[in-house]
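Chemist: Just final.txt, nothing more (compact mmCIF, C-alpha atoms and all ligand atoms):
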```txt
# COMPACT_ATOMS: atom_id res chain seq x y z
CA MET A 24 11.54 -19.71 -9.82
CA PRO A 25 10.56 -19.28 -6.15
CA VAL A 26 7.90 -21.76 -5.09
CA ALA A 27 6.99 -21.79 -1.42
CA ARG A 28 6.87 -25.10 0.42
CA PHE A 29 3.44 -26.22 1.53
CA PRO A 30 2.92 -25.67 5.23
CA LYS A 31 2.18 -28.65 7.42
CA THR A 32 -1.50 -27.93 7.80
CA TYR A 33 -3.65 -27.83 4.74
CA ARG A 34 -7.14 -28.99 4.05
CA ASP A 35 -8.49 -30.78 1.03
CA ARG A 36 -12.02 -29.95 0.07
CA ASP A 37 -14.25 -31.12 -2.72
CA ARG A 38 -14.23 -27.84 -4.57
CA PHE A 39 -10.56 -27.00 -4.19
CA ALA A 40 -7.40 -28.77 -5.15
CA VAL A 41 -5.81 -27.38 -2.00
CA ILE A 42 -7.13 -24.79 0.38
CA LEU A 43 -4.71 -22.88 2.54
CA LEU A 44 -5.03 -20.11 4.99
CA PRO A 45 -1.86 -18.34 6.10
CA SER A 46 -0.85 -19.53 9.57
CA SER A 47 -0.79 -16.02 11.08
CA PHE A 48 -4.37 -15.47 9.90
CA CYS A 49 -5.45 -18.92 11.19
CA GLN A 50 -4.30 -17.95 14.67
CA LEU A 51 -6.56 -14.89 14.56
CA LEU A 52 -9.50 -16.97 13.32
CA GLU A 53 -8.94 -19.43 16.14
CA LYS A 54 -8.78 -16.67 18.77
CA ALA A 55 -12.01 -15.10 17.45
CA ARG A 56 -13.74 -18.49 17.22
CA LYS A 57 -12.99 -19.32 20.86
CA ALA A 58 -14.59 -16.03 21.93
CA SER A 59 -17.92 -16.97 20.24
CA LEU A 60 -18.49 -13.41 19.04
CA THR A 61 -21.98 -12.40 17.89
CA LEU A 62 -22.24 -11.35 14.27
CA LYS A 63 -24.18 -8.10 13.80
CA THR A 64 -24.58 -5.83 10.80
CA GLY A 65 -21.17 -4.57 9.68
CA CYS A 66 -20.05 -2.00 7.15
CA CYS A 67 -16.84 -0.74 5.65
CA SER A 68 -15.68 1.59 2.89
CA ALA A 69 -12.28 0.81 1.37
CA PRO A 70 -10.23 2.52 -1.33
CA ALA A 71 -8.81 0.95 -4.47
CA ASN A 72 -5.11 1.30 -5.24
CA ILE A 73 -2.91 1.52 -8.30
CA ALA A 74 0.30 -0.50 -8.34
CA LEU A 75 3.48 1.31 -9.36
CA VAL A 76 5.45 -1.91 -8.90
CA LYS A 77 3.05 -4.60 -10.06
CA TYR A 78 2.02 -7.92 -8.52
CA TRP A 79 2.01 -10.36 -11.41
CA GLY A 80 2.17 -14.12 -10.90
CA LYS A 81 1.25 -16.14 -7.84
CA GLU A 82 2.27 -19.46 -6.33
CA PRO A 83 0.29 -22.27 -7.89
CA GLY A 84 -2.12 -24.31 -5.79
CA CYS A 85 -2.48 -22.00 -2.81
CA CYS A 86 -4.26 -18.88 -1.72
CA GLN A 87 -2.87 -15.68 -3.12
CA VAL A 88 0.83 -15.98 -2.38
CA PRO A 89 2.45 -13.46 -4.72
CA LEU A 90 5.60 -14.36 -6.64
CA ASN A 91 6.88 -10.85 -6.08
CA SER A 92 6.49 -7.93 -3.70
CA SER A 93 4.53 -4.95 -5.03
CA LEU A 94 4.00 -1.29 -4.18
CA SER A 95 0.94 0.87 -4.74
CA PHE A 96 -0.62 4.29 -4.32
CA THR A 97 -3.95 4.44 -2.47
CA LEU A 98 -6.86 5.88 -4.48
CA GLY A 99 -8.95 7.50 -1.75
CA GLY A 100 -11.87 8.48 -4.00
CA PHE A 101 -12.22 5.18 -5.86
CA ARG A 102 -13.95 3.12 -3.21
CA SER A 103 -16.19 0.16 -2.45
CA HIS A 104 -18.79 0.49 0.31
CA THR A 105 -19.92 -2.85 1.69
CA ILE A 106 -22.58 -3.84 4.22
CA ILE A 107 -22.99 -7.38 5.52
CA GLN A 108 -25.84 -8.78 7.57
CA PRO A 109 -26.64 -12.25 8.87
CA ALA A 110 -29.56 -13.11 6.54
CA ALA A 111 -30.37 -15.38 3.60
CA SER A 112 -27.34 -15.44 1.25
CA SER A 113 -27.49 -12.78 -1.44
CA PHE A 114 -25.09 -10.34 -3.08
CA PHE A 115 -26.13 -6.94 -4.41
CA LEU A 116 -23.66 -4.94 -6.46
CA ASP A 117 -24.62 -1.33 -7.11
CA GLY A 118 -28.22 -2.27 -6.27
CA ARG A 119 -28.45 -5.27 -8.62
CA LEU A 120 -28.70 -8.87 -7.46
CA GLU A 121 -25.52 -10.64 -8.69
CA VAL A 122 -23.48 -13.74 -8.00
CA LEU A 123 -20.53 -13.14 -5.69
CA PRO A 124 -17.34 -13.97 -7.65
CA ALA A 125 -16.25 -17.56 -6.91
CA ARG A 126 -13.01 -16.64 -5.10
CA MET A 127 -14.84 -14.18 -2.84
CA GLN A 128 -17.60 -16.72 -2.07
CA GLU A 129 -15.17 -19.57 -1.34
CA THR A 130 -12.95 -17.40 0.82
CA LEU A 131 -15.90 -15.96 2.71
CA GLU A 132 -17.25 -19.43 3.47
CA GLU A 133 -13.82 -20.58 4.60
CA ILE A 134 -13.39 -17.62 6.93
CA MET A 135 -16.90 -17.85 8.40
CA GLN A 136 -16.58 -21.59 8.98
CA HIS A 137 -13.26 -21.13 10.77
CA LEU A 138 -14.89 -18.42 12.89
CA GLY A 139 -17.72 -20.80 13.80
CA GLN A 140 -20.18 -18.31 12.30
CA LYS A 141 -23.12 -18.77 9.95
CA THR A 142 -22.08 -18.58 6.30
CA ALA A 143 -25.44 -17.16 5.17
CA LEU A 144 -24.88 -13.44 4.64
CA ARG A 145 -26.62 -10.66 2.77
CA ILE A 146 -23.89 -8.55 1.17
CA GLU A 147 -24.52 -5.17 -0.41
CA SER A 148 -21.63 -3.49 -2.16
CA ALA A 149 -21.44 -0.28 -4.17
CA ASN A 150 -18.49 1.22 -6.02
CA THR A 151 -17.87 4.91 -6.52
CA PHE A 152 -16.34 4.17 -9.94
CA PRO A 153 -17.66 2.46 -13.07
CA ALA A 154 -16.81 -1.17 -13.88
CA ALA A 155 -14.02 -1.67 -16.44
CA CYS A 156 -12.54 1.79 -15.88
CA GLY A 157 -9.05 0.40 -15.28
CA ILE A 158 -9.51 -0.06 -11.56
CA ALA A 159 -10.06 -3.54 -10.22
CA SER A 160 -13.04 -3.45 -7.89
CA SER A 161 -11.66 -6.69 -6.43
CA ALA A 162 -9.03 -4.65 -4.53
CA SER A 163 -11.44 -2.18 -2.92
CA GLY A 164 -14.17 -4.85 -2.75
CA GLY A 165 -11.97 -7.42 -0.99
CA ALA A 166 -10.71 -4.82 1.45
CA ALA A 167 -14.25 -3.57 2.17
CA LEU A 168 -15.48 -7.12 2.74
CA ILE A 169 -12.82 -8.04 5.30
CA GLY A 170 -13.40 -4.65 6.96
CA ALA A 171 -17.16 -5.27 7.07
CA ILE A 172 -16.61 -8.67 8.74
CA SER A 173 -14.37 -6.93 11.25
CA ASP A 174 -17.14 -4.40 11.98
CA ALA A 175 -19.84 -7.10 12.14
CA LEU A 176 -17.84 -8.92 14.85
CA ARG A 177 -16.48 -5.69 16.39
CA LEU A 178 -13.00 -7.17 15.99
CA SER A 179 -11.17 -3.89 16.59
CA ASP A 180 -12.44 -4.02 20.21
CA PHE A 181 -11.35 -7.63 20.54
CA PHE A 182 -7.98 -7.79 18.77
CA SER A 183 -4.91 -5.74 19.61
CA GLU A 184 -4.10 -3.03 17.02
CA LYS A 185 -1.36 -5.23 15.56
CA GLU A 186 -3.67 -8.24 15.34
CA HIS A 187 -6.42 -6.18 13.73
CA THR A 188 -4.02 -4.87 11.08
CA LEU A 189 -2.92 -8.42 10.37
CA TRP A 190 -6.57 -9.49 10.15
CA LEU A 191 -7.21 -6.81 7.55
CA THR A 192 -4.08 -7.30 5.44
CA GLU A 193 -3.93 -11.09 5.38
CA GLY A 194 -7.71 -11.42 5.22
CA ALA A 195 -8.02 -8.96 2.32
CA ARG A 196 -5.41 -10.76 0.27
CA LEU A 197 -7.37 -13.99 0.44
CA PHE A 198 -10.20 -12.23 -1.39
CA SER A 199 -7.90 -10.55 -3.90
CA GLY A 200 -4.12 -10.16 -3.85
CA SER A 201 -4.13 -6.44 -4.56
CA ALA A 202 -6.77 -5.88 -1.81
CA THR A 203 -4.07 -6.32 0.82
CA ARG A 204 -2.65 -2.94 -0.26
CA SER A 205 -6.03 -1.23 0.36
CA VAL A 206 -6.36 -1.63 4.11
CA LEU A 207 -3.47 0.33 5.60
CA PRO A 208 -3.95 4.05 6.32
CA ALA A 209 -1.10 5.12 4.04
CA ALA A 210 -0.67 6.81 0.67
CA PHE A 211 1.93 4.23 -0.42
CA VAL A 212 1.81 0.60 0.59
CA LEU A 213 4.28 -2.23 0.07
CA TRP A 214 2.99 -5.81 -0.01
CA GLU A 215 5.94 -8.01 0.73
CA ARG A 216 6.42 -11.60 -0.29
CA ILE A 217 8.19 -13.65 2.36
CA PRO A 218 10.26 -16.38 0.70
CA ASP A 219 9.19 -19.95 1.55
CA SER A 220 6.16 -18.78 3.50
CA PHE A 221 2.43 -18.51 2.97
CA ASN A 222 2.31 -15.44 5.17
CA THR A 223 3.00 -12.04 3.63
CA LYS A 224 3.73 -8.64 5.15
CA THR A 225 2.14 -5.32 4.29
CA HIS A 226 3.83 -2.03 5.19
CA ALA A 227 3.06 1.66 5.00
CA ILE A 228 5.86 3.33 3.02
CA ARG A 229 7.35 6.62 4.14
CA THR A 230 7.50 9.37 1.54
CA CYS A 231 8.50 13.01 1.33
CA GLN A 232 5.69 15.50 2.13
CA ASP A 233 5.17 16.41 -1.55
CA PHE A 234 4.35 12.87 -2.59
CA GLN A 235 1.85 12.19 0.20
CA SER A 236 -1.19 13.24 -1.81
CA LEU A 237 -0.43 12.93 -5.50
CA ALA A 238 -3.07 14.03 -8.00
CA HIS A 239 -4.47 11.01 -9.83
CA GLY A 240 -6.88 10.43 -12.69
CA VAL A 241 -7.93 7.57 -14.97
CA VAL A 242 -8.10 8.31 -18.68
CA MET A 243 -11.16 6.41 -19.90
CA LEU A 244 -10.19 5.00 -23.28
CA ASP A 245 -12.11 1.74 -23.42
CA GLN A 246 -14.87 0.55 -21.11
CA THR A 247 -15.44 -2.94 -22.46
CA GLU A 248 -15.03 -5.76 -19.94
CA LYS A 249 -11.62 -7.45 -20.32
CA ALA A 250 -11.78 -10.88 -21.96
CA ILE A 251 -9.03 -12.51 -19.84
CA SER A 252 -9.18 -12.08 -16.07
CA SER A 253 -6.11 -11.16 -14.04
CA SER A 254 -6.45 -14.55 -12.27
CA GLN A 255 -5.76 -16.21 -15.60
CA GLY A 256 -2.94 -13.75 -16.25
CA HIS A 257 -1.29 -14.60 -12.91
CA LYS A 258 -1.38 -18.30 -13.81
CA GLU A 259 0.22 -17.73 -17.20
CA ALA A 260 2.85 -15.19 -16.10
CA THR A 261 5.73 -17.60 -15.53
CA THR A 262 5.42 -19.00 -19.07
CA SER A 263 6.83 -15.75 -20.47
CA PRO A 264 10.61 -15.80 -21.17
CA LEU A 265 10.64 -12.22 -19.84
CA PHE A 266 9.30 -13.23 -16.42
CA PRO A 267 12.69 -14.23 -14.90
CA LEU A 268 14.32 -11.05 -16.22
CA ARG A 269 11.78 -8.82 -14.51
CA HIS A 270 11.90 -10.97 -11.40
CA ALA A 271 15.67 -10.64 -11.08
CA ALA A 272 15.50 -6.84 -11.34
CA LEU A 273 12.61 -6.35 -8.90
CA PRO A 274 14.55 -6.10 -5.60
CA PHE A 275 16.50 -3.18 -7.09
CA VAL A 276 13.35 -1.59 -8.55
CA LEU A 277 11.52 -1.81 -5.22
CA LYS A 278 14.43 -0.39 -3.23
CA ASN A 279 15.03 2.40 -5.72
CA THR A 280 11.33 3.29 -5.89
CA GLN A 281 11.12 3.56 -2.11
CA GLU A 282 14.20 5.78 -2.04
CA ALA A 283 12.69 7.97 -4.76
CA LEU A 284 9.48 8.34 -2.72
CA LEU A 285 11.42 9.33 0.36
CA GLN A 286 13.71 11.76 -1.42
CA GLY A 287 11.08 13.31 -3.68
CA ASP A 288 12.94 12.09 -6.77
CA TRP A 289 10.15 12.30 -9.33
CA LEU A 290 12.13 11.21 -12.39
CA THR A 291 13.29 7.97 -10.75
CA LEU A 292 9.75 7.24 -9.58
CA GLU A 293 8.43 7.94 -13.06
CA MET A 294 11.07 5.77 -14.73
CA HIS A 295 10.43 2.73 -12.55
CA ALA A 296 6.63 3.04 -12.63
CA GLU A 297 6.57 3.26 -16.42
CA HIS A 298 9.13 0.48 -16.91
CA GLU A 299 6.97 -1.66 -14.63
CA ALA A 300 3.80 -0.99 -16.64
CA PHE A 301 5.60 -1.80 -19.90
CA ALA A 302 7.14 -4.92 -18.28
CA LEU A 303 3.73 -6.17 -17.13
CA HIS A 304 2.37 -5.83 -20.66
CA ALA A 305 5.50 -7.30 -22.25
CA ILE A 306 4.96 -10.35 -20.04
CA THR A 307 1.25 -10.72 -20.79
CA GLN A 308 2.04 -10.45 -24.51
CA THR A 309 4.76 -13.13 -24.42
CA THR A 310 3.14 -15.91 -22.37
CA LYS A 311 2.21 -19.29 -23.87
CA SER A 312 -1.27 -17.91 -24.56
CA PRO A 313 -0.43 -14.25 -25.17
CA VAL A 314 -2.91 -11.57 -24.12
CA CYS A 315 -2.90 -7.95 -25.21
CA TYR A 316 -4.81 -5.84 -22.71
CA LEU A 317 -4.01 -2.60 -24.54
CA SER A 318 -6.28 -1.11 -27.19
CA ASN A 319 -5.35 1.09 -30.16
CA ALA A 320 -6.65 4.05 -28.19
CA THR A 321 -4.22 3.19 -25.34
CA THR A 322 -1.12 3.18 -27.54
CA THR A 323 -2.15 6.31 -29.44
CA PHE A 324 -2.82 8.16 -26.19
CA LEU A 325 0.41 6.96 -24.57
CA ALA A 326 2.64 7.89 -27.50
CA THR A 327 1.11 11.37 -27.64
CA PHE A 328 1.18 11.84 -23.87
CA ILE A 329 4.85 10.85 -23.59
CA ALA A 330 5.88 13.19 -26.43
CA GLU A 331 3.82 16.09 -25.10
CA ARG A 332 5.04 15.55 -21.56
CA TYR A 333 8.66 15.92 -22.64
CA ARG A 334 7.81 18.91 -24.85
CA GLN A 335 6.11 20.73 -21.97
CA ASN A 336 8.51 19.48 -19.29
CA LEU A 337 5.62 18.10 -17.25
CA ARG A 338 6.18 16.09 -14.06
CA ALA A 339 3.49 13.43 -14.51
CA LEU A 340 3.73 9.67 -14.85
CA TRP A 341 1.46 7.07 -16.39
CA THR A 342 0.81 3.48 -15.50
CA ILE A 343 -1.64 0.79 -16.65
CA ASP A 344 -2.95 -2.37 -15.00
CA ALA A 345 -4.26 -5.40 -16.88
CA GLY A 346 -6.62 -3.30 -19.00
CA PRO A 347 -6.62 -0.55 -21.62
CA ASN A 348 -7.19 2.55 -19.46
CA VAL A 349 -4.34 4.82 -18.42
CA HIS A 350 -3.67 6.10 -14.91
CA LEU A 351 -1.93 9.46 -14.57
CA LEU A 352 -0.22 10.68 -11.41
CA CYS A 353 1.52 13.94 -10.64
CA PRO A 354 2.38 16.18 -7.70
CA GLN A 355 -0.68 18.33 -6.83
CA GLN A 356 0.98 21.54 -8.01
CA GLU A 357 1.46 20.02 -11.51
CA LEU A 358 -2.26 19.32 -11.98
CA PRO A 359 -3.05 22.49 -13.99
CA ALA A 360 -0.10 21.70 -16.31
CA LEU A 361 -1.32 18.09 -16.67
CA LYS A 362 -4.77 19.33 -17.63
CA ALA A 363 -3.21 21.66 -20.20
CA VAL A 364 -1.37 18.68 -21.72
CA LEU A 365 -4.61 16.66 -21.84
CA GLN A 366 -6.29 19.58 -23.58
CA THR A 367 -3.48 19.70 -26.17
CA ILE A 368 -3.76 15.94 -26.76
CA ALA A 369 -7.55 16.16 -27.23
CA HIS A 370 -6.93 18.93 -29.76
CA ASP A 371 -4.11 17.11 -31.60
CA LEU A 372 -5.92 13.76 -31.76
CA TYR A 373 -9.23 15.48 -32.47
CA THR A 374 -10.99 13.38 -29.86
CA SER A 375 -12.67 13.95 -26.51
CA ILE A 376 -10.75 12.64 -23.52
CA THR A 377 -12.68 11.73 -20.38
CA VAL A 378 -10.75 11.58 -17.14
CA LEU A 379 -12.01 10.45 -13.73
CA PHE A 380 -10.02 12.45 -11.19
CA ASN A 381 -9.55 11.19 -7.67
CA ASN A 382 -11.03 13.76 -5.29
CA ALA A 383 -10.16 12.22 -1.93
CA SER A 384 -7.19 10.81 -0.07
CA ASP A 385 -9.13 8.99 2.65
CA PHE A 386 -8.20 5.50 3.78
CA ILE A 387 -10.25 2.51 4.93
CA ALA A 388 -13.29 3.46 7.04
CA ILE A 389 -14.68 0.70 9.25
CA GLY A 390 -18.12 1.12 10.79
CA ALA A 391 -20.87 3.68 10.16
CA ASP A 392 -19.21 6.41 12.28
CA GLN A 393 -16.01 6.40 10.23
CA ILE A 394 -17.88 6.14 6.91
CA ALA A 395 -19.93 9.22 7.83
CA THR A 396 -16.73 11.33 7.82
CA LEU A 397 -15.89 10.59 4.15
CA PRO A 398 -16.26 13.46 1.66
CA SER A 399 -19.42 13.45 -0.44
CA THR A 400 -17.65 14.03 -3.77
CA LEU A 401 -15.08 11.31 -4.17
CA ILE A 402 -14.50 11.43 -7.93
CA ARG A 403 -14.71 14.29 -10.45
CA GLN A 404 -15.19 13.63 -14.14
CA GLU A 405 -13.67 16.07 -16.64
CA VAL A 406 -13.90 15.96 -20.39
CA PHE A 407 -11.20 17.53 -22.56
CA ALA A 408 -12.77 18.34 -25.92
CA PRO A 409 -10.88 18.98 -29.19
O1 LIG A 501 -5.36 -8.66 -7.22
P1 LIG A 501 -5.52 -9.18 -8.60
O2 LIG A 501 -5.57 -10.67 -8.65
O3 LIG A 501 -6.68 -8.52 -9.32
O4 LIG A 501 -4.20 -8.79 -9.44
C1 LIG A 501 -3.80 -7.47 -9.66
C2 LIG A 501 -2.86 -7.39 -10.77
C3 LIG A 501 -2.51 -5.99 -11.26
O5 LIG A 501 -3.58 -5.10 -11.02
C4 LIG A 501 -2.24 -6.03 -12.75
C5 LIG A 501 -1.25 -5.47 -10.59
C6 LIG A 501 -1.38 -5.05 -9.14
O6 LIG A 501 -0.38 -5.21 -8.44
O7 LIG A 501 -2.41 -4.54 -8.73
```
Using structure tokens, write down the structure from this file.
Modeler:
Amino acid sequence: MPVARFPKTYRDRDRFAVILLPSSFCQLLEKARKASLTLKTGCCSAPANIALVKYWGKEPGCCQVPLNSSLSFTLGGFRSHTIIQPAASSFFLDGRLEVLPARMQETLEEIMQHLGQKTALRIESANTFPAACGIASSASGGAALIGAISDALRLSDFFSEKEHTLWLTEGARLFSGSATRSVLPAAFVLWERIPDSFNTKTHAIRTCQDFQSLAHGVVMLDQTEKAISSSQGHKEATTSPLFPLRHAALPFVLKNTQEALLQGDWLTLEMHAEHEAFALHAITQTTKSPVCYLSNATTTFLATFIAERYRQNLRALWTIDAGPNVHLLCPQQELPALKAVLQTIAHDLYTSITVLFNNASDFIAIGADQIATLPSTLIRQEVFAP
């Protein structure tokens, strides 16, 4: 099992066993601190993403070092909009006063202290998608928060382009691992683990033209909040006997998936994405404290979808994160055929199927000027009735 060595510099704090910031990110913090930048109001809108090759398991005792590299598709319409202001500490989510999740709060304090800035911030965040719809708001939320800090300190004027990208990717991942894949302006993003290092690398992945803007929708099967968080799942992952098997195969899966994206090889992409989703759930179900994130509705829908897809020769793939709702992706020209399949399933199962379709392929927008260019309709809901 790969376990990175601790770097030379780490800080103990009362509330943490060990707190670590990746060295490349620390250098940026140090550079910004020396410049004594003035914190103003900052805003950012960042997309969520759906992993086709999943991040599951992280190094114990340090900040968000993944045990494996992962690859995702950017969900331009499923976004978090975040505004930060230097003011009494408060966090508003979709207009309601809430408590900022512990990891976000701790990371924010750490970053602001390193920057020599006040840690008291008013944060307002709003999502374009409902909670528990199968999309982790921590990915878009973490990305929007690091982007809002960048805007508040006008870091894009201060850092070189390369430094600013590093700020966004390594900063986002401290808030939430998957958030690191939400800050690059690319349809497909690879988040790369670097063996024996606390730094990671994030890359835009090249694809064929056809795969640049895939159609995407989330089938809403169950909207109850999941009982076990993905943080807990990451901790447990290595206790599954299946973990090393998946781990050994991942370099091949990642390479093959990237080749499929470049060559427009849909069937290979579909095969790996679906194996990955099944592998993630096989692992969660075989850990020391097994967790089943899937509901009856998920398995019924999946079985029917897979059968109907083969019957109608549809080019569409499914994937699922740590939750019960199903993501569907297909080339844009297949969307009418996908909708026809969903209609058939609603009819066969005699149940209404609600799908949130992604209506945008925009990337991170930092600052009010960029946010103003985003489309007004980011998500479209469609119901397929029996
Ligand atoms: O970023 P986290 O800690 O919410 O973990 C994300 C885990 C999965 O969504 C299941 C997979 C992934 O790579 O996004």
Chemist: At a cut-off of 10 Å around ligand LIG 501 (chain A), and using all atoms listed in the file, what residues come up? Please write them as a PyMOL selection string.
Modeler: chain A and resi 71-81+87+89+91-95+157-163+165+195-204+214+252-257+299-300+303-304+307+343-346
Chemist: Hey, which of A:Gln286, A:Thr61, A:Thr130, A:Thr374 ends up closest to Cys231 of chain A? Count only C-alpha atoms.
Modeler: A:Gln286
Chemist: Separation of atom CA of Glu215 of chain A and atom CA of Gln128 of chain A, in Å?
Modeler: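 Answer for the atom CA of Glu215 of chain A to atom CA of Gln128 of chain A separation: 25.3 Å.
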Chemist: Would you mind telling me which residue in A:Phe266, A:Ala305, A:Val242, A:Ile228 lies nearest to Leu285 of chain A when using all atoms listed in the file?
Modeler: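 Residue with the minimum atom-to-atom distance to Leu285 of chain A: A:Ile228.
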Chemist: Would you list the residues near (12.4, 11.4, -11.2), meaning any protein, DNA or RNA residue with an atom at most 12 Å from that point in file coordinates, counting all atoms listed in the file, as number ranges by chain?
Modeler: A: 234, 279-280, 282-297, 337-340, 353-354
Chemist: Please identify all polymer residues within 7 Å of segment 312-325 of chain A, counting all atoms listed in the file, omitting same-chain residues fewer than 2 positions from it, and present them as a PDB file with C-alpha atoms, in the coordinates of the input.
Modeler:
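Contents of the output file result_22.pdb:
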```pdb
ATOM      1  CA  LEU A 244     -10.190   5.000 -23.280  1.00  0.00           C
ATOM      2  CA  THR A 307       1.250 -10.720 -20.790  1.00  0.00           C
ATOM      3  CA  GLN A 308       2.040 -10.450 -24.510  1.00  0.00           C
ATOM      4  CA  THR A 309       4.760 -13.130 -24.420  1.00  0.00           C
ATOM      5  CA  THR A 310       3.140 -15.910 -22.370  1.00  0.00           C
ATOM      6  CA  THR A 327       1.110  11.370 -27.640  1.00  0.00           C
ATOM      7  CA  PHE A 328       1.180  11.840 -23.870  1.00  0.00           C
ATOM      8  CA  ILE A 329       4.850  10.850 -23.590  1.00  0.00           C
ATOM      9  CA  ALA A 345      -4.260  -5.400 -16.880  1.00  0.00           C
ATOM     10  CA  GLY A 346      -6.620  -3.300 -19.000  1.00  0.00           C
ATOM     11  CA  PRO A 347      -6.620  -0.550 -21.620  1.00  0.00           C
ATOM     12  CA  ASN A 348      -7.190   2.550 -19.460  1.00  0.00           C
TER      13      ASN A 348
END
```
Chemist: Compile the contact shell of segment 134-137 of chain A as number ranges by chain: residues with an atom at most 10 Å away, counting all atoms listed in the file, same-chain residues fewer than 2 positions apart removed.
Modeler: A: 44, 48-49, 51-53, 55-56, 128-132, 139-144, 169, 172, 194, 197
Chemist: Where atoms are missing, can you supply N, CA and C atoms for segment 292-305 of chain A and output the lot as a PDB file, in the frame of the given file?
Modeler:
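Writing done, so here's out-v3.pdb:
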```pdb
ATOM      1  N   LEU A 292      11.066   7.855  -9.804  1.00  0.00           N
ATOM      2  CA  LEU A 292       9.750   7.240  -9.580  1.00  0.00           C
ATOM      3  C   LEU A 292       9.054   6.989 -10.920  1.00  0.00           C
ATOM      4  N   GLU A 293       9.066   8.009 -11.738  1.00  0.00           N
ATOM      5  CA  GLU A 293       8.430   7.940 -13.060  1.00  0.00           C
ATOM      6  C   GLU A 293       9.055   6.825 -13.906  1.00  0.00           C
ATOM      7  N   MET A 294      10.368   6.777 -13.915  1.00  0.00           N
ATOM      8  CA  MET A 294      11.070   5.770 -14.730  1.00  0.00           C
ATOM      9  C   MET A 294      10.671   4.358 -14.310  1.00  0.00           C
ATOM     10  N   HIS A 295      10.736   4.097 -12.999  1.00  0.00           N
ATOM     11  CA  HIS A 295      10.430   2.730 -12.550  1.00  0.00           C
ATOM     12  C   HIS A 295       8.957   2.382 -12.779  1.00  0.00           C
ATOM     13  N   ALA A 296       8.065   3.333 -12.476  1.00  0.00           N
ATOM     14  CA  ALA A 296       6.630   3.040 -12.630  1.00  0.00           C
ATOM     15  C   ALA A 296       6.312   2.716 -14.096  1.00  0.00           C
ATOM     16  N   GLU A 297       6.896   3.471 -15.003  1.00  0.00           N
ATOM     17  CA  GLU A 297       6.570   3.260 -16.420  1.00  0.00           C
ATOM     18  C   GLU A 297       7.253   2.001 -16.961  1.00  0.00           C
ATOM     19  N   HIS A 298       8.483   1.741 -16.528  1.00  0.00           N
ATOM     20  CA  HIS A 298       9.130   0.480 -16.910  1.00  0.00           C
ATOM     21  C   HIS A 298       8.277  -0.700 -16.447  1.00  0.00           C
ATOM     22  N   GLU A 299       7.780  -0.575 -15.212  1.00  0.00           N
ATOM     23  CA  GLU A 299       6.970  -1.660 -14.630  1.00  0.00           C
ATOM     24  C   GLU A 299       5.706  -1.914 -15.453  1.00  0.00           C
ATOM     25  N   ALA A 300       5.045  -0.821 -15.855  1.00  0.00           N
ATOM     26  CA  ALA A 300       3.800  -0.990 -16.640  1.00  0.00           C
ATOM     27  C   ALA A 300       4.135  -1.652 -17.978  1.00  0.00           C
ATOM     28  N   PHE A 301       5.208  -1.181 -18.622  1.00  0.00           N
ATOM     29  CA  PHE A 301       5.600  -1.800 -19.900  1.00  0.00           C
ATOM     30  C   PHE A 301       6.005  -3.268 -19.668  1.00  0.00           C
ATOM     31  N   ALA A 302       6.700  -3.540 -18.557  1.00  0.00           N
ATOM     32  CA  ALA A 302       7.140  -4.920 -18.280  1.00  0.00           C
ATOM     33  C   ALA A 302       5.941  -5.847 -18.075  1.00  0.00           C
ATOM     34  N   LEU A 303       4.935  -5.356 -17.342  1.00  0.00           N
ATOM     35  CA  LEU A 303       3.730  -6.170 -17.130  1.00  0.00           C
ATOM     36  C   LEU A 303       3.121  -6.556 -18.482  1.00  0.00           C
ATOM     37  N   HIS A 304       3.011  -5.555 -19.357  1.00  0.00           N
ATOM     38  CA  HIS A 304       2.370  -5.830 -20.660  1.00  0.00           C
ATOM     39  C   HIS A 304       3.275  -6.643 -21.576  1.00  0.00           C
ATOM     40  N   ALA A 305       4.573  -6.459 -21.462  1.00  0.00           N
ATOM     41  CA  ALA A 305       5.500  -7.300 -22.250  1.00  0.00           C
ATOM     42  C   ALA A 305       5.331  -8.757 -21.828  1.00  0.00           C
TER      43      ALA A 305
END
```
